[in-house]
file protein.txt (compact mmCIF, C-alpha atoms)
# COMPACT_ATOMS: atom_id res chain seq x y z
CA MET U 26 83.91 92.26 58.80
CA ALA U 27 83.47 95.20 56.39
CA LEU U 28 82.10 97.44 59.15
CA ALA U 29 84.90 96.54 61.57
CA PHE U 30 87.60 97.04 58.91
CA GLY U 31 86.02 100.30 57.76
CA LEU U 32 86.04 101.70 61.28
CA PHE U 33 89.63 100.59 61.84
CA LEU U 34 90.83 102.16 58.58
CA VAL U 35 89.07 105.47 59.29
CA THR U 36 90.52 105.53 62.83
CA LEU U 37 94.02 104.77 61.52
CA LEU U 38 93.67 107.41 58.81
CA PHE U 39 92.87 110.12 61.37
CA ILE U 40 95.71 108.91 63.63
CA ILE U 41 98.16 109.39 60.75
CA TRP U 42 96.61 112.56 59.34
CA GLN U 43 95.93 114.35 62.67
CA PRO U 44 93.79 117.11 61.08
CA LYS U 45 93.86 120.45 62.93
CA GLY U 46 96.12 119.00 65.60
CA LEU U 47 93.73 116.17 66.53
CA GLN U 48 95.80 114.00 68.84
CA ILE U 49 96.25 110.25 68.37
CA GLY U 50 94.77 109.29 71.74
CA THR U 51 91.63 111.33 71.18
CA THR U 52 91.13 109.71 67.77
CA ALA U 53 91.58 106.20 69.18
CA VAL U 54 89.11 106.81 72.01
CA VAL U 55 86.53 108.25 69.60
CA GLY U 56 87.02 105.16 67.41
CA ALA U 57 86.47 102.92 70.44
CA VAL U 58 83.26 104.75 71.38
CA VAL U 59 81.97 104.46 67.81
CA ALA U 60 82.84 100.73 67.81
CA LEU U 61 80.77 100.33 70.97
CA VAL U 62 77.83 102.36 69.66
CA ILE U 63 77.56 100.56 66.31
CA GLY U 64 77.90 97.16 67.96
CA VAL U 65 81.29 96.15 66.57
CA VAL U 66 82.33 95.52 70.17
CA SER U 67 80.36 95.05 73.36
CA PHE U 68 80.91 96.52 76.82
CA GLU U 69 82.18 93.09 77.89
CA ASP U 70 84.76 93.29 75.10
CA VAL U 71 85.94 96.65 76.46
CA LEU U 72 86.43 95.02 79.87
CA THR U 73 88.31 92.14 78.21
CA VAL U 74 90.62 94.54 76.38
CA THR U 75 91.20 96.51 79.57
CA GLY U 76 92.12 93.25 81.29
CA ILE U 77 94.68 92.53 78.57
CA VAL U 78 96.33 95.97 78.42
CA TRP U 79 96.02 97.50 81.91
CA ASP U 80 99.38 96.20 83.18
CA ALA U 81 101.19 97.25 80.00
CA THR U 82 99.59 100.69 80.04
CA LEU U 83 100.38 101.43 83.69
CA SER U 84 103.91 100.09 83.21
CA PHE U 85 104.37 102.36 80.22
CA ILE U 86 103.29 105.40 82.25
CA GLY U 87 105.82 104.48 84.93
CA ILE U 88 108.66 103.94 82.45
CA ILE U 89 108.00 107.28 80.73
CA ILE U 90 107.79 109.21 84.03
CA LEU U 91 111.06 107.60 85.15
CA SER U 92 112.66 108.53 81.82
CA MET U 93 111.45 112.12 82.09
CA VAL U 94 112.90 112.52 85.58
CA LEU U 95 116.25 111.12 84.42
CA ASP U 96 116.13 113.45 81.44
CA GLU U 97 115.55 116.43 83.76
CA ILE U 98 118.60 115.40 85.77
CA GLY U 99 120.70 115.28 82.59
CA PHE U 100 121.23 111.52 82.68
CA PHE U 101 120.66 110.86 78.96
CA GLU U 102 122.54 113.92 77.75
CA TRP U 103 125.47 112.87 79.93
CA ALA U 104 125.36 109.39 78.38
CA ALA U 105 125.19 110.78 74.82
CA ILE U 106 128.21 113.04 75.37
CA LYS U 107 130.13 110.20 77.04
CA MET U 108 129.55 107.96 74.03
CA ALA U 109 130.57 110.75 71.66
CA LYS U 110 133.79 111.43 73.57
CA LEU U 111 134.50 107.70 73.69
CA SER U 112 134.54 107.61 69.88
CA GLY U 113 137.70 109.70 69.87
CA GLY U 114 136.44 111.71 66.92
CA SER U 115 135.87 108.71 64.63
CA GLY U 116 132.59 109.12 62.77
CA ASN U 117 132.24 105.36 62.31
CA LYS U 118 132.77 104.67 66.01
CA LEU U 119 130.36 107.46 66.92
CA PHE U 120 127.70 105.88 64.67
CA VAL U 121 128.12 102.50 66.39
CA TYR U 122 128.27 103.95 69.90
CA ILE U 123 125.11 105.99 69.39
CA LEU U 124 123.35 102.81 68.27
CA LEU U 125 124.60 100.97 71.36
CA LEU U 126 123.32 103.80 73.54
CA GLY U 127 119.97 103.59 71.77
CA ALA U 128 119.86 99.84 72.43
CA PHE U 129 120.59 100.41 76.14
CA VAL U 130 117.89 103.09 76.48
CA ALA U 131 115.34 100.96 74.59
CA ALA U 132 116.04 97.96 76.82
CA LEU U 133 115.55 99.79 80.13
CA PHE U 134 113.20 102.62 79.18
CA ALA U 135 111.24 101.09 76.27
CA ASN U 136 111.35 101.99 72.60
CA ASP U 137 108.90 104.84 73.17
CA GLY U 138 111.18 106.29 75.84
CA ALA U 139 114.09 106.13 73.40
CA ALA U 140 112.03 107.96 70.77
CA LEU U 141 110.81 110.67 73.14
CA ILE U 142 113.96 111.29 75.16
CA LEU U 143 117.02 110.30 73.15
CA THR U 144 116.00 111.60 69.70
CA PRO U 145 116.06 115.34 70.53
CA ILE U 146 119.36 114.93 72.40
CA VAL U 147 121.05 113.17 69.48
CA LEU U 148 119.65 115.72 67.01
CA ALA U 149 120.92 118.62 69.13
CA LYS U 150 124.41 117.10 69.37
CA MET U 151 124.57 116.40 65.62
CA LYS U 152 123.70 120.03 64.90
CA TYR U 153 126.18 121.22 67.53
CA LEU U 154 128.88 119.21 65.76
CA LYS U 155 127.83 120.91 62.50
CA MET U 156 127.22 117.65 60.66
CA LYS U 157 125.97 117.74 57.09
CA PRO U 158 122.24 117.06 56.47
CA LEU U 159 122.90 113.59 55.02
CA ALA U 160 124.96 112.62 58.08
CA ILE U 161 122.25 113.91 60.44
CA PHE U 162 119.65 111.90 58.49
CA ALA U 163 121.81 108.77 58.77
CA PHE U 164 122.24 109.11 62.55
CA LEU U 165 118.55 109.91 63.11
CA MET U 166 117.26 107.04 60.95
CA ALA U 167 119.67 104.60 62.56
CA GLY U 168 118.77 105.82 66.04
CA GLY U 169 115.08 105.52 65.30
CA PHE U 170 115.55 102.01 63.94
CA ILE U 171 117.58 100.68 66.89
CA GLY U 172 114.91 101.93 69.30
CA ASP U 173 112.55 99.23 68.00
CA SER U 174 115.02 96.56 66.90
CA ALA U 175 116.62 96.50 70.37
CA SER U 176 113.34 96.61 72.31
CA ASN U 177 113.22 92.82 72.80
CA PRO U 178 115.44 91.81 75.76
CA LEU U 179 113.17 92.56 78.73
CA VAL U 180 109.43 92.50 79.31
CA ILE U 181 109.59 96.25 80.02
CA SER U 182 111.41 97.08 76.75
CA ASN U 183 108.23 97.40 74.69
CA LEU U 184 104.48 97.61 75.28
CA THR U 185 104.07 94.62 72.97
CA ASN U 186 106.35 92.59 75.25
CA ILE U 187 104.32 93.43 78.35
CA VAL U 188 100.99 92.64 76.64
CA THR U 189 102.24 89.27 75.35
CA ALA U 190 104.00 88.29 78.57
CA GLY U 191 100.81 89.04 80.48
CA TYR U 192 98.58 87.23 77.98
CA PHE U 193 100.67 84.03 78.03
CA HIS U 194 101.75 84.33 81.69
CA ILE U 195 105.46 84.55 80.84
CA GLY U 196 107.70 85.46 83.79
CA PHE U 197 110.34 88.20 83.72
CA MET U 198 113.26 85.76 83.92
CA GLU U 199 111.74 83.26 81.49
CA TYR U 200 111.17 86.00 78.95
CA MET U 201 114.69 87.39 79.34
CA LYS U 202 116.31 83.97 78.85
CA ASN U 203 114.34 83.23 75.68
CA MET U 204 114.93 86.65 74.16
CA PHE U 205 118.61 87.08 75.06
CA LEU U 206 120.08 85.56 71.87
CA PRO U 207 117.47 86.96 69.45
CA ASN U 208 118.03 90.45 70.87
CA ILE U 209 121.83 90.21 70.61
CA LEU U 210 121.48 89.05 67.00
CA SER U 211 119.00 91.84 66.29
CA ILE U 212 121.36 94.51 67.65
CA LEU U 213 124.40 93.15 65.79
CA ALA U 214 122.48 92.79 62.53
CA SER U 215 120.99 96.28 62.93
CA ILE U 216 124.40 97.89 63.46
CA ALA U 217 126.00 95.97 60.58
CA ILE U 218 123.24 96.58 58.03
CA LEU U 219 122.64 100.21 59.01
CA PHE U 220 126.39 100.87 58.81
CA ILE U 221 126.59 99.31 55.34
CA TYR U 222 123.52 101.27 54.19
CA PHE U 223 124.71 104.66 55.50
CA ARG U 224 128.49 104.18 55.24
CA LYS U 225 128.89 106.87 52.55
CA ASP U 226 127.02 109.46 54.64
CA ILE U 227 128.90 108.92 57.90
CA PRO U 228 131.72 111.46 58.33
CA LEU U 229 135.18 109.98 58.83
CA GLN U 230 136.07 112.49 61.55
CA VAL U 231 133.96 114.46 64.01
CA ASP U 232 135.24 117.21 66.28
CA VAL U 233 133.91 115.78 69.55
CA ASN U 234 136.18 118.12 71.50
CA ALA U 235 133.67 120.84 70.61
CA LEU U 236 131.15 119.15 72.89
CA PRO U 237 131.00 120.21 76.55
CA GLU U 238 132.29 117.90 79.25
CA ALA U 239 129.72 115.25 80.15
CA SER U 240 129.74 116.21 83.83
CA SER U 241 128.74 119.78 82.96
CA VAL U 242 125.25 118.75 81.79
CA ILE U 243 124.31 117.01 85.04
CA LYS U 244 121.81 119.28 86.79
CA ASN U 245 121.72 117.51 90.14
CA GLN U 246 124.75 115.49 91.23
CA THR U 247 123.00 113.84 94.16
CA MET U 248 120.11 112.59 92.04
CA PHE U 249 122.51 111.51 89.31
CA LYS U 250 124.39 109.25 91.76
CA LEU U 251 121.17 108.00 93.30
CA SER U 252 119.74 107.17 89.86
CA TRP U 253 122.29 104.39 89.32
CA VAL U 254 121.44 102.81 92.65
CA PHE U 255 117.72 103.22 92.04
CA LEU U 256 117.87 101.62 88.58
CA GLY U 257 119.71 98.64 90.06
CA LEU U 258 117.11 98.28 92.82
CA LEU U 259 114.28 98.63 90.30
CA MET U 260 115.74 95.85 88.17
CA LEU U 261 116.02 93.69 91.29
CA GLY U 262 112.38 94.50 92.01
CA TYR U 263 111.34 93.12 88.63
CA PHE U 264 112.97 89.79 89.47
CA ILE U 265 111.40 89.72 92.93
CA GLY U 266 108.03 90.49 91.37
CA ASP U 267 108.57 87.64 88.93
CA ALA U 268 109.22 85.21 91.79
CA TYR U 269 105.96 86.20 93.50
CA HIS U 270 103.94 86.62 90.27
CA LEU U 271 103.34 90.32 90.84
CA PRO U 272 102.36 92.63 87.97
CA ILE U 273 105.16 94.52 86.20
CA SER U 274 103.32 97.81 86.69
CA LEU U 275 103.61 97.51 90.47
CA PHE U 276 107.34 98.10 90.13
CA ALA U 277 107.45 100.17 86.92
CA LEU U 278 104.82 102.70 88.00
CA GLY U 279 105.40 102.34 91.75
CA GLY U 280 109.14 102.79 91.27
CA ALA U 281 108.63 105.82 89.05
CA ILE U 282 106.43 107.51 91.66
CA ILE U 283 109.00 106.86 94.39
CA PHE U 284 111.80 108.19 92.16
CA LEU U 285 109.71 111.27 91.34
CA LEU U 286 109.18 111.94 95.06
CA ILE U 287 112.91 111.52 95.76
CA ALA U 288 113.72 113.91 92.90
CA ASN U 289 111.22 116.39 94.33
CA HIS U 290 112.88 116.12 97.74
CA TYR U 291 116.22 117.09 96.19
CA LYS U 292 114.50 119.81 94.12
CA ALA U 293 115.59 118.17 90.86
CA VAL U 294 112.11 118.27 89.29
CA LYS U 295 108.66 119.75 89.71
CA PRO U 296 106.38 116.68 90.02
CA ILE U 297 103.20 118.36 88.78
CA MET U 298 104.97 119.65 85.67
CA THR U 299 106.53 116.23 85.02
CA ILE U 300 103.20 114.42 85.32
CA LYS U 301 101.48 116.99 83.10
CA ALA U 302 104.22 116.66 80.49
CA ALA U 303 103.91 112.86 80.34
CA PRO U 304 102.49 111.62 77.00
CA TRP U 305 99.02 110.75 78.28
CA GLN U 306 97.71 110.65 74.73
CA VAL U 307 99.71 107.44 74.29
CA VAL U 308 97.66 105.83 77.08
CA TRP U 309 94.36 106.68 75.41
CA PHE U 310 95.81 105.60 72.07
CA SER U 311 96.75 102.20 73.49
CA ILE U 312 93.39 101.43 75.06
CA GLY U 313 91.25 103.00 72.33
CA LEU U 314 92.97 101.34 69.39
CA TYR U 315 92.91 97.95 71.12
CA VAL U 316 89.13 98.26 71.49
CA VAL U 317 88.73 99.17 67.80
CA VAL U 318 90.88 96.22 66.77
CA TYR U 319 88.95 93.85 69.04
CA GLY U 320 86.11 94.49 66.64
CA LEU U 321 88.26 92.89 63.92
CA LYS U 322 88.70 89.89 66.18
CA ASN U 323 84.93 89.64 66.63
CA ALA U 324 84.52 89.89 62.84
CA GLY U 325 86.70 86.81 62.35
CA LEU U 326 90.15 88.23 61.60
CA THR U 327 91.81 86.14 64.30
CA ASP U 328 90.24 82.98 62.83
CA ILE U 329 91.76 83.81 59.44
CA ILE U 330 95.19 84.53 60.92
CA ALA U 331 94.99 81.41 63.11
CA SER U 332 94.46 79.32 59.96
CA TRP U 333 97.59 80.89 58.43
CA VAL U 334 99.63 80.13 61.57
CA ALA U 335 98.31 76.56 61.60
CA LEU U 336 99.37 76.16 57.97
CA LEU U 337 102.88 77.39 58.84
CA MET U 338 103.07 74.96 61.76
CA HIS U 339 102.45 72.04 59.41
CA GLN U 340 105.62 72.99 57.51
CA GLY U 341 107.93 72.31 60.45
CA ASP U 342 109.39 74.39 63.29
CA THR U 343 111.79 76.47 61.21
CA ILE U 344 109.16 77.58 58.69
CA ALA U 345 106.63 78.13 61.48
CA ILE U 346 108.94 80.41 63.49
CA ILE U 347 110.26 82.45 60.57
CA GLY U 348 106.86 82.54 58.87
CA THR U 349 105.05 83.68 62.03
CA GLY U 350 107.65 86.39 62.59
CA PHE U 351 107.28 87.76 59.08
CA LEU U 352 103.47 87.42 59.14
CA SER U 353 103.41 89.53 62.30
CA ALA U 354 105.88 91.97 60.72
CA VAL U 355 103.82 92.52 57.58
CA ILE U 356 100.55 92.96 59.47
CA SER U 357 102.26 95.36 61.92
CA SER U 358 103.68 97.48 59.11
CA VAL U 359 100.19 97.90 57.65
CA MET U 360 97.94 98.19 60.70
CA ASN U 361 100.39 99.19 63.49
CA ASN U 362 102.04 96.78 65.91
CA MET U 363 99.88 97.70 68.91
CA PRO U 364 96.73 96.04 67.55
CA THR U 365 98.72 93.40 65.68
CA ILE U 366 100.33 91.96 68.80
CA MET U 367 96.93 91.34 70.40
CA ILE U 368 95.36 89.87 67.26
CA MET U 369 98.37 87.59 66.75
CA ASP U 370 98.48 86.58 70.43
CA ILE U 371 94.84 85.51 70.29
CA ALA U 372 95.42 83.66 67.00
CA ILE U 373 98.47 81.78 68.31
CA ASP U 374 96.58 80.89 71.49
CA LYS U 375 93.66 79.67 69.36
CA VAL U 376 95.90 77.36 67.33
CA GLY U 377 97.58 76.02 70.45
CA TYR U 378 101.05 77.25 71.37
CA VAL U 379 101.98 74.61 73.99
CA GLY U 380 105.05 72.90 72.58
CA ASN U 381 105.42 75.77 70.12
CA GLU U 382 106.30 78.57 72.56
CA ALA U 383 108.85 79.94 70.08
CA LEU U 384 105.91 81.20 67.99
CA VAL U 385 105.00 83.58 70.82
CA TYR U 386 108.49 85.09 70.73
CA ALA U 387 108.52 85.12 66.93
CA ASN U 388 105.34 87.19 67.08
CA ILE U 389 107.03 89.67 69.43
CA LEU U 390 110.08 89.98 67.18
CA GLY U 391 107.85 90.49 64.16
CA SER U 392 105.73 93.09 65.96
CA ASN U 393 108.78 94.96 67.26
CA LEU U 394 110.88 94.90 64.08
CA GLY U 395 108.36 94.65 61.25
CA PRO U 396 106.83 98.09 61.92
CA LYS U 397 110.08 99.73 60.86
CA MET U 398 109.10 99.10 57.24
CA THR U 399 106.51 101.90 57.31
CA PRO U 400 106.07 105.17 59.26
CA ILE U 401 102.75 103.97 60.73
CA GLY U 402 104.05 100.60 61.93
CA SER U 403 104.74 101.46 65.54
CA LEU U 404 103.78 104.04 68.11
CA ALA U 405 107.49 104.69 68.73
CA THR U 406 107.97 105.67 65.08
CA LEU U 407 104.93 107.97 65.17
CA LEU U 408 106.34 109.60 68.32
CA TRP U 409 109.81 109.79 66.74
CA LEU U 410 108.45 111.53 63.64
CA HIS U 411 106.41 113.90 65.83
CA VAL U 412 109.46 114.82 67.94
CA LEU U 413 111.53 115.48 64.81
CA ALA U 414 108.75 117.56 63.24
CA GLN U 415 108.66 119.72 66.38
CA LYS U 416 112.40 120.25 65.92
CA GLY U 417 111.93 121.29 62.29
CA VAL U 418 113.06 117.98 60.75
CA LYS U 419 110.58 116.55 58.23
CA ILE U 420 111.06 112.97 57.02
CA GLY U 421 108.69 111.94 54.24
CA TRP U 422 107.10 108.53 53.81
CA GLY U 423 109.14 107.85 50.69
CA GLU U 424 112.55 108.53 52.20
CA TYR U 425 111.58 106.66 55.38
CA MET U 426 110.36 103.53 53.57
CA LYS U 427 113.37 103.58 51.25
CA VAL U 428 115.43 102.73 54.34
CA GLY U 429 112.88 100.67 56.27
CA LEU U 430 111.99 98.24 53.48
CA VAL U 431 115.67 97.49 52.81
CA VAL U 432 116.99 97.24 56.36
CA THR U 433 114.13 95.58 58.25
CA PRO U 434 113.71 92.15 56.56
CA PRO U 435 117.34 90.97 56.92
CA VAL U 436 117.53 92.17 60.55
CA LEU U 437 114.27 90.38 61.40
CA PHE U 438 115.45 87.20 59.68
CA VAL U 439 118.69 87.16 61.66
CA ALA U 440 116.85 87.83 64.93
CA LEU U 441 114.39 84.99 64.29
CA LEU U 442 117.31 82.59 63.80
CA GLY U 443 117.98 83.04 67.53
CA LEU U 444 114.72 81.18 68.27
CA LEU U 445 115.62 78.06 66.31

call {"tool": "encode", "arguments": {"input": "protein.txt", "output": "structure tokens"}}
result
Amino acid sequence: MALAFGLFLVTLLFIIWQPKGLQIGTTAVVGAVVALVIGVVSFEDVLTVTGIVWDATLSFIGIIILSMVLDEIGFFEWAAIKMAKLSGGSGNKLFVYILLLGAFVAALFANDGAALILTPIVLAKMKYLKMKPLAIFAFLMAGGFIGDSASNPLVISNLTNIVTAGYFHIGFMEYMKNMFLPNILSILASIAILFIYFRKDIPLQVDVNALPEASSVIKNQTMFKLSWVFLGLLMLGYFIGDAYHLPISLFALGGAIIFLLIANHYKAVKPIMTIKAAPWQVVWFSIGLYVVVYGLKNAGLTDIIASWVALLMHQGDTIAIIGTGFLSAVISSVMNNMPTIMIMDIAIDKVGYVGNEALVYANILGSNLGPKMTPIGSLATLLWLHVLAQKGVKIGWGEYMKVGLVVTPPVLFVALLGLL
């Protein structure tokens, strides 16, 4: 146990620290190799982990490539300007509309897509509108928060969703039905609590007329029109895949490749450049860190967590659901939600989830929302902070957690009520 925890902590430390530009995926893979060499995990364990995460990882690649093509077309910038214009110059409406846009992007393009694509666009527009630093901070923090808090409605909305749906064999439609109400509650609670928290920093009026017309940022009209049709067909594909028990990645990655080829045909993108620019480090991070954390499972961590879940189950359904959600949230905030979701999935499976399926969804909500309490809680937050740092915006741990620790618990609690 000490060896497995030691390796995990060192790996996590280097992921956060990133000395001399050491990338997160490289660190995770090195950690996985060390885990294999010192015997914390076996080669069979690596194959087991790969079996758990392959569909999620390939789906993630597809979702990100699709997002990047749409970004090249100007799709997201168009949407951001549309929402700004729709506010009519009201700062309060603009705050809410930007959060709704973030929720939409997170639902269809995953929380990581929202962090990578939408964050720089929102930041650029806030600066263009000459907002004060406190207002920019409020919009950025709120946008970063909604990316995770609204990443619950579809299997494709978060890597944690895909991993769990695959582990427990949950269909696309079944997942969507069970998560519809919790996600709506999560979005509403997020908007309400974030608005209350930042109300003094949100400008009353914003000169949105200073922004260019939304149509002017579209770089390829043909691809822009086709994108709406393609997204509709892709969503239909997910439901067809569900009916025939096909992997999500077949449509997420397959669809992205087709869309990339169509975009190339209309000279909207350069495929090689797009593929090179994709965040491949995230892929290595996902697989590598899962292998490192599987060593914790071998050392008995899942047995300990399973005993905690069993104890919660003896207190009745309400306590079990809310308790499991917050247990997952706390663990995620400390050791990142990527490894947490797998450890918790195994623990819930070990206890026996049949008849207690709500615990599976409580774990997802906890793993998606709980990480917002700390900067290291989720991959999306790490990406979000990295994107902002590249743009010259530094957000310290203290100022981040000052918001996260206050906003996250009530939003998670409200979301979990949707499972009761």

call {"tool": "residues_around", "arguments": {"input": "protein.txt", "residues": "Asn234 (chain U)", "least_positions_apart": "5", "cutoff": "9 Å", "atoms": "only C-alpha atoms", "output": "MDAnalysis selection string"}}
result
chainID U and resid 110 113:114

call {"tool": "residues_around", "arguments": {"input": "protein.txt", "residues": "Thr327 (chain U)", "least_positions_apart": "6", "cutoff": "7 Å", "atoms": "all atoms listed in the file", "output": "list in words"}}
result
Ile368, Ile371 and Ala372 of chain U

call {"tool": "atom_distance", "arguments": {"input": "protein.txt", "atom1": "CA of Ala405 (chain U)", "atom2": "CA of Leu184 (chain U)"}}
result
10.1 Å

call {"tool": "closest_residue", "arguments": {"input": "protein.txt", "among": "U:Val436, U:Met369, U:Ala109, U:Ala160", "to": "Ser357 (chain U)", "atoms": "all atoms listed in the file"}}
result
U:Met369

call {"tool": "atom_distance", "arguments": {"input": "protein.txt", "atom1": "CA of Pro44 (chain U)", "atom2": "CA of Met398 (chain U)"}}
result
23.9 Å
